[in-house]
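The file structure-v2.tsv comes next; it holds TSV, C-alpha atoms and all ligand atoms.
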```
chain	number	residue	atom	x	y	z
A	283	MET	CA	55.60	39.51	157.08
A	284	ASP	CA	54.43	42.82	155.72
A	285	TYR	CA	50.65	42.96	155.63
A	286	ASP	CA	50.78	46.23	153.73
A	287	THR	CA	51.90	44.36	150.67
A	288	TYR	CA	48.68	42.38	150.91
A	289	GLY	CA	46.57	45.49	151.36
A	290	SER	CA	45.56	44.13	154.70
A	291	THR	CA	46.41	46.45	157.57
A	292	ALA	CA	42.68	46.26	158.20
A	293	VAL	CA	43.35	43.21	160.35
A	294	GLU	CA	44.82	45.58	162.94
A	295	LEU	CA	41.49	47.39	163.05
A	296	ALA	CA	39.79	44.04	163.63
A	297	ILE	CA	42.14	43.14	166.48
A	298	ASP	CA	41.73	46.57	168.10
A	299	LEU	CA	37.96	46.17	167.91
A	300	ALA	CA	38.04	42.70	169.47
A	301	ASN	CA	40.22	44.03	172.30
A	302	ALA	CA	38.10	47.11	173.05
A	303	ASP	CA	36.71	46.99	176.57
A	304	ALA	CA	32.94	46.73	176.14
A	305	GLN	CA	32.41	47.30	179.87
A	306	VAL	CA	33.37	50.95	179.52
A	307	ALA	CA	30.43	53.30	178.88
A	308	GLY	CA	30.69	54.97	175.46
A	309	TRP	CA	33.34	52.52	174.25
A	310	VAL	CA	31.87	52.26	170.74
A	311	GLU	CA	32.04	56.01	170.11
A	312	ALA	CA	35.50	56.16	171.67
A	313	PHE	CA	36.65	53.36	169.40
A	314	LEU	CA	35.27	55.05	166.28
A	315	ASP	CA	36.91	58.35	167.32
A	316	SER	CA	40.33	56.80	167.87
A	317	HIS	CA	40.15	54.94	164.53
A	318	GLY	CA	38.72	57.80	162.48
A	319	GLU	CA	41.32	57.37	159.72
A	320	TRP	CA	39.47	54.21	158.64
A	321	PHE	CA	36.25	56.00	157.77
A	322	THR	CA	35.40	58.32	154.93
A	323	GLU	CA	35.77	61.94	155.98
A	324	GLY	CA	32.46	63.32	157.14
A	325	THR	CA	31.01	59.92	158.11
A	326	VAL	CA	28.46	60.35	160.90
A	327	THR	CA	29.68	58.60	164.06
A	328	GLU	CA	26.68	59.28	166.28
A	329	LEU	CA	25.05	55.91	166.66
A	330	SER	CA	21.63	54.53	167.38
A	331	PRO	CA	21.37	51.81	170.05
A	332	GLN	CA	20.96	49.25	167.24
A	333	GLN	CA	24.17	50.42	165.59
A	334	ARG	CA	25.99	50.20	168.91
A	335	GLU	CA	24.76	46.64	169.28
A	336	ALA	CA	25.92	45.83	165.77
A	337	VAL	CA	29.44	47.08	166.59
A	338	ALA	CA	29.48	45.00	169.77
A	339	ARG	CA	28.39	41.94	167.76
A	340	THR	CA	31.16	42.50	165.21
A	341	SER	CA	33.68	42.85	168.03
A	342	ALA	CA	32.51	39.57	169.58
A	343	LEU	CA	32.64	37.79	166.22
A	344	VAL	CA	36.23	38.88	165.59
A	345	ARG	CA	37.13	37.61	169.02
A	346	ASP	CA	35.36	34.30	168.29
A	347	VAL	CA	37.46	33.88	165.17
A	348	ALA	CA	40.69	34.65	167.01
A	349	VAL	CA	40.05	32.21	169.88
A	350	ALA	CA	38.81	29.35	167.63
A	351	GLN	CA	40.79	26.14	168.07
A	352	SER	CA	40.52	24.49	164.68
A	353	GLU	CA	40.26	25.34	161.02
A	354	PRO	CA	36.56	24.36	160.68
A	355	GLU	CA	35.76	26.47	163.74
A	356	VAL	CA	37.63	29.44	162.28
A	357	MET	CA	35.82	29.03	158.96
A	358	ASP	CA	32.38	28.88	160.60
A	359	ARG	CA	33.02	32.00	162.62
A	360	LEU	CA	34.71	33.84	159.80
A	361	ASN	CA	31.72	33.13	157.58
A	362	ALA	CA	29.36	34.43	160.26
A	363	LEU	CA	31.35	37.66	160.28
A	364	LEU	CA	31.56	37.84	156.47
A	365	ALA	CA	27.77	37.45	156.27
A	366	LEU	CA	27.52	40.90	157.90
A	367	ALA	CA	29.93	42.52	155.43
A	368	SER	CA	28.91	44.44	152.30
A	369	PRO	CA	32.13	44.68	150.33
A	370	ARG	CA	32.40	47.09	147.45
A	371	PRO	CA	36.06	47.82	146.98
A	372	TYR	CA	37.35	51.10	145.64
A	373	ALA	CA	40.76	52.65	145.14
A	374	THR	CA	41.73	55.74	147.12
A	375	THR	CA	44.70	58.00	147.84
A	376	HIS	CA	43.17	59.72	150.88
A	377	ASP	CA	46.36	59.24	152.95
A	378	GLY	CA	48.70	59.98	150.05
A	379	GLU	CA	49.16	56.34	149.02
A	380	LEU	CA	47.12	54.44	146.49
A	381	HIS	CA	45.33	51.59	148.23
A	382	LEU	CA	42.02	49.74	148.32
A	383	HIS	CA	39.16	50.19	150.73
A	384	TYR	CA	36.67	47.35	151.12
A	385	ALA	CA	33.47	49.25	151.91
A	386	ARG	CA	31.51	51.82	149.94
A	387	PRO	CA	32.81	55.30	150.82
A	388	ASP	CA	29.26	56.54	151.44
A	389	ALA	CA	28.17	53.58	153.59
A	390	GLU	CA	27.11	54.34	157.15
A	391	VAL	CA	29.83	53.96	159.73
A	392	VAL	CA	28.89	50.50	161.03
A	393	GLU	CA	28.81	49.09	157.50
A	394	GLN	CA	32.23	50.61	156.81
A	395	LEU	CA	33.59	49.18	160.06
A	396	THR	CA	32.12	45.69	159.80
A	397	THR	CA	33.05	45.29	156.15
A	398	THR	CA	36.62	46.50	156.65
A	399	VAL	CA	37.13	44.30	159.69
A	400	ALA	CA	35.60	41.18	158.11
A	401	MET	CA	37.56	41.53	154.87
A	402	GLY	CA	40.86	42.38	156.58
A	403	LEU	CA	40.61	39.46	158.97
A	404	SER	CA	39.57	37.01	156.23
A	405	GLN	CA	42.40	38.05	153.99
A	406	VAL	CA	45.00	37.33	156.65
A	407	VAL	CA	43.44	33.98	157.56
A	408	VAL	CA	43.16	32.89	153.94
A	409	GLN	CA	46.68	33.99	152.97
A	410	HIS	CA	48.62	33.20	156.11
A	411	GLY	CA	46.62	30.52	157.92
A	412	TRP	CA	44.21	30.46	160.82
A	413	ARG	CA	46.98	29.85	163.35
A	414	ARG	CA	48.12	33.45	162.86
A	415	LEU	CA	45.41	34.56	165.28
A	416	GLY	CA	45.65	33.86	168.96
A	417	VAL	CA	44.97	34.85	172.55
A	418	CYS	CA	47.61	36.44	174.77
A	419	SER	CA	49.31	33.94	177.10
A	420	ALA	CA	49.89	36.50	179.85
A	421	GLU	CA	47.93	35.74	182.98
A	422	GLY	CA	44.71	37.74	183.22
A	423	CYS	CA	45.11	39.50	179.85
A	424	GLY	CA	42.82	37.76	177.35
A	425	HIS	CA	43.55	40.14	174.47
A	426	VAL	CA	43.69	38.64	171.00
A	427	TYR	CA	46.46	39.29	168.47
A	428	VAL	CA	47.52	38.65	164.92
A	429	ASP	CA	50.94	37.08	164.66
A	430	THR	CA	53.06	38.97	162.15
A	431	SER	CA	56.34	37.36	163.21
A	432	ARG	CA	58.30	35.52	160.52
A	433	ASN	CA	58.18	32.13	162.25
A	434	ALA	CA	54.68	32.51	163.76
A	435	SER	CA	56.06	32.32	167.29
A	436	ARG	CA	54.08	35.07	168.96
A	437	ARG	CA	52.38	34.32	172.28
A	438	TYR	CA	51.56	37.74	173.71
A	439	CYS	CA	49.36	40.65	172.63
A	440	SER	CA	52.05	43.24	173.38
A	441	ASN	CA	55.60	43.76	174.58
A	442	THR	CA	54.14	44.80	177.92
A	443	CYS	CA	52.51	41.40	178.40
A	444	ALA	CA	55.62	39.58	177.13
A	445	SER	CA	57.94	41.26	179.62
A	446	ARG	CA	55.40	41.01	182.44
A	447	SER	CA	55.28	37.24	181.87
A	448	THR	CA	59.06	36.94	181.64
A	449	VAL	CA	59.41	38.68	185.00
A	450	ALA	CA	56.68	36.50	186.53
A	451	ALA	CA	58.34	33.32	185.25
A	452	TYR	CA	61.71	34.47	186.60
A	453	ARG	CA	60.23	35.17	190.04
A	454	ALA	CA	58.49	31.78	190.03
A	455	ARG	CA	61.84	30.09	189.31
A	456	GLN	CA	63.51	32.06	192.12
A	457	ARG	CA	60.92	30.83	194.59
A	458	THR	CA	61.47	27.16	193.85
B	1	ZN	ZN	42.67	54.15	153.62
B	2	ZN	ZN	48.31	40.57	176.72
```

Produce structure tokens that represent the structure in this file.
Amino acid sequence: MDYDTYGSTAVELAIDLANADAQVAGWVEAFLDSHGEWFTEGTVTELSPQQREAVARTSALVRDVAVAQSEPEVMDRLNALLALASPRPYATTHDGELHLHYARPDAEVVEQLTTTVAMGLSQVVVQHGWRRLGVCSAEGCGHVYVDTSRNASRRYCSNTCASRSTVAAYRARQRT
């Protein structure tokens, strides 16, 4: 599955946000810095405490959607996230390729982030089904992921977690 063809790589931004470690001081600014390509050049990324809280809330909402266990639960949570979005799509070639952005280019950074994340996540859920989102099965991980595999068979957030779990399962078999 190629999300690019659906204009929806934004779901990766949503997953990254949900997996950001909110225990680390300055995590919001660090997240915005490392995902700067998503925001209009020149967007101010110094945040007020309220803006920081808003980013944390968006992160938690994305996580809520990903861990939901049924379609109605996903819809409820997705709609809570969408209620925070202010979509106003526009076409851009800022990275050399013509594509759509979901938020106003001159919106403040939290509005750009929340809108992009909410729209990207919704698009994937609506087009590919709510089961495409999940939580990593590796012990002690807890990261969420979007399953882009052809047969929707993904169980881990990363190759690291997949191989860690394979090794653990092998060792467990050896012991018995
Ligand atoms: Zn772009
Ligand atoms: Zn993992």

Can you tell me which residues surround Asp377 in chain A at a distance of at most 12 Å, considering all atoms listed in the file, apart from same-chain residues fewer than 6 positions away, and format the answer as an NGL selection string? :A and (319-323 or 383)

For ligand ZN 2 (chain B), return the neighbouring residues as a PyMOL selection string (distance at most 10 Å; only C-alpha atoms and all ligand atoms). chain A and resi 301+417-427+437-444+446-447

What residues of the protein or nucleic acid chains come within 12 Å of ligand ZN 1 (chain B) when you use all atoms listed in the file? Reply as a PyMOL selection string. chain A and resi 286+289-292+295+317-323+371-387+394+398

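Counting from CA of Glu353 in chain A, the distance to CA of Ala336 in chain A is 25.5 Å.
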
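Closest approach to Asn361 in chain A among A:Thr430, A:Thr325, A:Ser404, A:Gln332 is made by A:Ser404 (distances from all atoms listed in the file).
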
Any idea what the distance is between CA of Ser341 in chain A and CA of Ala300 in chain A?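 Answer for the CA of Ser341 in chain A to CA of Ala300 in chain A separation: 4.6 Å.
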
Set the distance at 9 Å and use all atoms listed in the file: which residues neighbour Leu415 in chain A once local chain neighbours fewer than 3 positions away are removed? I'd like the list as a JSON list (two decimals) with C-alpha atoms, keeping the file's coordinate frame.
```
[["chain", "number", "residue", "atom", "x", "y", "z"],
["A", 347, "VAL", "CA", 37.46, 33.88, 165.17],
["A", 348, "ALA", "CA", 40.69, 34.65, 167.01],
["A", 349, "VAL", "CA", 40.05, 32.21, 169.88],
["A", 350, "ALA", "CA", 38.81, 29.35, 167.63],
["A", 407, "VAL", "CA", 43.44, 33.98, 157.56],
["A", 411, "GLY", "CA", 46.62, 30.52, 157.92],
["A", 412, "TRP", "CA", 44.21, 30.46, 160.82],
["A", 426, "VAL", "CA", 43.69, 38.64, 171.00],
["A", 427, "TYR", "CA", 46.46, 39.29, 168.47],
["A", 428, "VAL", "CA", 47.52, 38.65, 164.92],
["A", 429, "ASP", "CA", 50.94, 37.08, 164.66]]
```

What is the distance between CA of Asp358 in chain A and CA of Leu343 in chain A, in Å to one decimal?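 Taking CA of Asp358 in chain A as the start and CA of Leu343 in chain A as the end point, the length is 10.5 Å.
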
Among the residues A:Val392, A:Leu360, A:Ala367, A:Val293, the one that comes closest to Val310 in chain A [using all atoms listed in the file]: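 When distances to Val310 in chain A are compared using all atoms listed in the file, the smallest one comes from A:Val392.
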
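With all atoms listed in the file as the atoms that count, the residue of A:Ala450, A:Leu364, A:Met357, A:Leu395 with the shortest distance to Leu299 in chain A is A:Leu395.
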
Return the padded bounding box of range 346-362 of chain A as JSON: axis-aligned, built from all atoms listed in the file, 3 Å added on each side, with centre and edge lengths in Å to one decimal.
```
{"center_x": 35.1, "center_y": 29.5, "center_z": 163.7, "size_x": 17.4, "size_y": 16.3, "size_z": 18.3}
```

Using all atoms listed in the file, can you tell me which of A:Ala400, A:Val406, A:Val391, A:Ala296 comes closest to Gly324 in chain A?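 Among the listed residues, A:Val391 lies closest to Gly324 in chain A.
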
Shortest contact to Ala365 in chain A, candidates A:Ala389, A:Ala304, A:Ala342, A:Met401, atoms counted all atoms listed in the file, goes to A:Met401
